[in-house]
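Here is the file model-v7.cif (mmCIF, C-alpha atoms).
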```
data_run
loop_
_atom_site.label_atom_id
_atom_site.label_comp_id
_atom_site.auth_asym_id
_atom_site.auth_seq_id
_atom_site.Cartn_x
_atom_site.Cartn_y
_atom_site.Cartn_z
CA MET I 1 -25.01 -18.32 9.23
CA ALA I 2 -21.83 -20.04 8.09
CA TYR I 3 -18.97 -18.39 6.29
CA ARG I 4 -18.85 -19.36 2.64
CA ILE I 5 -16.06 -19.63 0.11
CA ASP I 6 -16.47 -20.15 -3.64
CA ARG I 7 -13.18 -21.34 -4.97
CA TYR I 8 -14.46 -23.17 -8.02
CA PRO I 9 -15.52 -20.56 -10.54
CA SER I 10 -17.30 -21.43 -13.76
CA GLU I 11 -15.01 -22.42 -16.60
CA GLY I 12 -14.20 -19.43 -18.77
CA SER I 13 -15.28 -16.99 -16.06
CA PRO I 14 -12.82 -14.25 -15.11
CA ARG I 15 -13.86 -14.72 -11.46
CA LEU I 16 -11.23 -16.69 -9.58
CA GLY I 17 -13.06 -16.89 -6.26
CA ALA I 18 -15.41 -15.29 -3.76
CA MET I 19 -16.09 -15.34 -0.05
CA THR I 20 -19.04 -14.32 2.07
CA LEU I 21 -18.23 -12.99 5.55
CA HIS I 22 -20.14 -12.00 8.66
CA PRO I 23 -19.99 -8.26 9.39
CA ALA I 24 -17.79 -8.87 12.45
CA PRO I 25 -14.18 -7.89 13.28
CA GLU I 26 -12.93 -11.50 13.11
CA SER I 27 -13.87 -11.52 9.41
CA VAL I 28 -10.99 -9.16 8.58
CA PRO I 29 -8.13 -11.61 9.31
CA ARG I 30 -10.26 -14.43 7.87
CA ALA I 31 -10.56 -12.51 4.58
CA ARG I 32 -6.76 -12.10 4.44
CA ARG I 33 -6.11 -15.79 5.14
CA TRP I 34 -8.71 -17.05 2.67
CA PHE I 35 -7.57 -14.71 -0.09
CA ARG I 36 -3.94 -15.82 0.36
CA LYS I 37 -4.94 -19.50 0.36
CA PHE I 38 -7.26 -19.36 -2.64
CA ILE I 39 -5.22 -17.00 -4.86
CA ALA I 40 -2.01 -19.07 -4.43
CA PRO I 41 -2.91 -21.74 -7.05
CA TYR I 42 -3.16 -18.96 -9.67
CA ASN I 43 0.47 -17.98 -8.94
CA PRO I 44 0.14 -14.18 -9.15
CA SER I 45 3.36 -12.22 -9.61
CA CYS I 46 2.02 -9.19 -7.72
CA SER I 47 2.46 -8.65 -3.98
CA VAL I 48 -0.15 -10.82 -2.28
CA GLU I 49 0.69 -8.97 0.96
CA ASP I 50 -0.32 -5.66 -0.64
CA CYS I 51 -3.57 -7.24 -1.81
CA GLU I 52 -4.22 -8.61 1.68
CA LEU I 53 -3.66 -5.13 3.16
CA MET I 54 -6.09 -3.54 0.72
CA ILE I 55 -8.67 -6.29 1.31
CA SER I 56 -8.30 -5.77 5.07
CA GLU I 57 -8.97 -2.07 4.71
CA LEU I 58 -11.99 -2.52 2.45
CA VAL I 59 -13.53 -5.31 4.53
CA THR I 60 -13.02 -3.20 7.67
CA ASN I 61 -14.79 -0.28 5.97
CA ALA I 62 -17.58 -2.57 4.74
CA ILE I 63 -18.16 -3.84 8.28
CA ARG I 64 -17.89 -0.37 9.80
CA TYR I 65 -20.16 1.45 7.34
CA GLY I 66 -22.44 -1.26 5.92
CA ARG I 67 -26.06 -1.00 7.03
CA ALA I 68 -29.16 -3.10 6.48
CA ASP I 69 -32.42 -3.79 8.27
CA ASP I 70 -32.06 -7.55 7.75
CA PRO I 71 -29.06 -9.70 8.63
CA TRP I 72 -26.36 -8.97 6.08
CA VAL I 73 -22.97 -10.12 4.85
CA VAL I 74 -19.83 -8.74 3.25
CA ARG I 75 -18.92 -10.36 -0.06
CA VAL I 76 -15.39 -10.34 -1.51
CA GLU I 77 -14.75 -11.45 -5.09
CA TRP I 78 -11.54 -11.55 -7.11
CA PHE I 79 -11.14 -11.65 -10.87
CA ARG I 80 -8.42 -12.03 -13.46
CA GLU I 81 -8.73 -9.48 -16.25
CA GLU I 82 -5.97 -10.18 -18.77
CA THR I 83 -2.82 -9.48 -16.71
CA SER I 84 -4.60 -7.56 -13.93
CA LEU I 85 -6.24 -8.63 -10.69
CA ARG I 86 -9.49 -6.94 -9.64
CA VAL I 87 -10.88 -7.38 -6.15
CA GLU I 88 -14.39 -6.26 -5.17
CA VAL I 89 -15.82 -5.82 -1.67
CA HIS I 90 -19.64 -5.60 -1.49
CA ASN I 91 -21.75 -4.42 1.46
CA PRO I 92 -25.28 -3.06 1.94
CA GLY I 93 -24.15 0.55 2.53
CA PHE I 94 -25.03 3.59 0.43
CA PRO I 95 -22.59 4.23 -2.49
CA ALA I 96 -22.37 8.00 -2.05
CA ASN I 97 -20.62 7.55 1.32
CA VAL I 98 -17.37 6.22 -0.16
CA ARG I 99 -14.72 8.92 -0.42
CA LEU I 100 -11.08 9.64 0.26
CA ARG I 101 -10.53 11.43 3.55
CA SER I 102 -7.81 13.73 4.79
CA PRO I 103 -7.34 12.59 8.39
CA ASP I 104 -5.37 14.63 10.88
CA ALA I 105 -2.23 13.06 12.34
CA ASN I 106 -4.11 12.22 15.56
CA ASP I 107 -7.17 10.69 13.88
CA ALA I 108 -7.57 6.98 14.61
CA HIS I 109 -9.51 6.27 11.38
CA GLY I 110 -9.78 7.46 7.79
CA ARG I 111 -6.63 6.08 6.14
CA GLY I 112 -7.89 2.82 4.60
CA LEU I 113 -8.95 4.19 1.25
CA LEU I 114 -5.80 6.35 1.13
CA LEU I 115 -3.76 3.14 1.40
CA VAL I 116 -5.77 1.53 -1.39
CA ASP I 117 -5.35 4.67 -3.51
CA SER I 118 -1.57 4.64 -3.02
CA ILE I 119 -1.02 0.90 -3.65
CA ALA I 120 -3.54 -0.07 -6.34
CA GLU I 121 -3.35 0.85 -9.99
CA SER I 122 -6.90 2.18 -9.60
CA TRP I 123 -9.98 1.87 -7.39
CA HIS I 124 -13.69 2.46 -7.89
CA SER I 125 -16.87 2.63 -5.84
CA GLY I 126 -20.51 2.50 -6.84
CA PRO I 127 -23.71 0.50 -6.60
CA SER I 128 -23.25 -3.23 -6.01
CA CYS I 129 -24.99 -5.79 -8.20
CA PHE I 130 -26.04 -7.38 -4.87
CA GLY I 131 -27.56 -4.10 -3.62
CA GLY I 132 -25.69 -1.53 -1.58
CA THR I 133 -22.08 -0.59 -2.29
CA VAL I 134 -19.09 -2.13 -4.03
CA VAL I 135 -15.55 -0.82 -3.67
CA SER I 136 -12.99 -2.42 -5.95
CA PHE I 137 -9.30 -2.11 -6.71
CA VAL I 138 -7.13 -3.22 -9.61
CA VAL I 139 -3.55 -4.43 -9.40
CA ALA I 140 -1.86 -4.18 -12.79
CA ASP I 141 0.62 -6.81 -13.98
CA ALA I 142 -0.57 -9.40 -11.49
CA TRP I 143 0.34 -12.07 -14.07
CA PRO I 144 2.81 -12.06 -16.95
CA SER I 145 1.34 -11.26 -20.36
#
```

For this file, write the structure as structure tokens.
Amino acid sequence: MAYRIDRYPSEGSPRLGAMTLHPAPESVPRARRWFRKFIAPYNPSCSVEDCELMISELVTNAIRYGRADDPWVVRVEWFREETSLRVEVHNPGFPANVRLRSPDANDAHGRGLLLVDSIAESWHSGPSCFGGTVVSFVVADAWPS
């Protein structure tokens, strides 16, 4: 299966782009690079680095916790909603498993969603329209009004 990028959204659609990734560790840096490349023409005024960090964390979680009997992919989509940017990460996992954790200082994992919670204006998880789970975050004031 090839990686896929959709950088030409339908006219009038709030979706600015989407990518489909293999559930493999090398997809995490690929997601960061592609997001940076394909969001640049929209000239966001928010921190693209913060968005990349949050995407990295959510794609990592999607790869780590996504499950399916058939071959599966992680899908990342980004949208402009008035002056805000919303990013969604979809995987075939079960929605009830997404939660904030309280890791101990020595724990190697469990901080990704805490980072998203501290940087984003808001975040949400629930059933994905593609089946499985979607976790999304919103960055307010990503563009001037």

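For the set I:Tyr65, I:Val74, I:Met54, I:Phe79, the residue with the smallest atom-to-atom gap to Val98 in chain I is I:Tyr65, counting all atoms listed in the file.
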
Listed atoms of range 111-115 of chain I, axis-aligned box, 6 Å per side: centre and edge lengths to one decimal in Å, as AutoDock Vina command-line options?
```
--center_x -6.4 --center_y 4.6 --center_z 3.6 --size_x 17.2 --size_y 15.5 --size_z 17.0
```

Surrounding residues of range 24-40 of chain I excluding itself and chain neighbours under 3 positions, 7 Å, all atoms listed in the file, as a ChimeraX atom specification: /I:7,21,43,48,52,55-56,59-60,63

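If only C-alpha atoms are the atoms counted, then among I:Val134, I:Leu16, I:Val73, I:Val89 the closest residue to Pro44 in chain I is I:Leu16.
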
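Of the residues listed (I:Phe130, I:Pro41, I:Asp50, I:Gly66), I:Asp50 shows the shortest atom-to-atom separation from Val116 in chain I; distances use only C-alpha atoms.
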
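When all atoms listed in the file are used to compute distances to Ala120 in chain I, the closest of the residues I:Asp6, I:Glu81, I:Asp70, I:Asp141 turns out to be I:Asp141.
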
Name the residues captured by the PyMOL selection byres ((chain I and resi 14) around 6) when it is applied to the shown file; answer as a short mmCIF file (atom, residue, chain, number, x, y, z; two decimals) with C-alpha atoms, in the frame of the given file.
```cif
data_model
loop_
_atom_site.label_atom_id
_atom_site.label_comp_id
_atom_site.auth_asym_id
_atom_site.auth_seq_id
_atom_site.Cartn_x
_atom_site.Cartn_y
_atom_site.Cartn_z
CA SER I 13 -15.28 -16.99 -16.06
CA ARG I 15 -13.86 -14.72 -11.46
CA PHE I 79 -11.14 -11.65 -10.87
CA ARG I 80 -8.42 -12.03 -13.46
#
```

Closest of I:Trp143, I:Ala68, I:Asn91, I:Cys51 to Ser125 in chain I - atom-to-atom distances counting all atoms listed in the file: I:Asn91
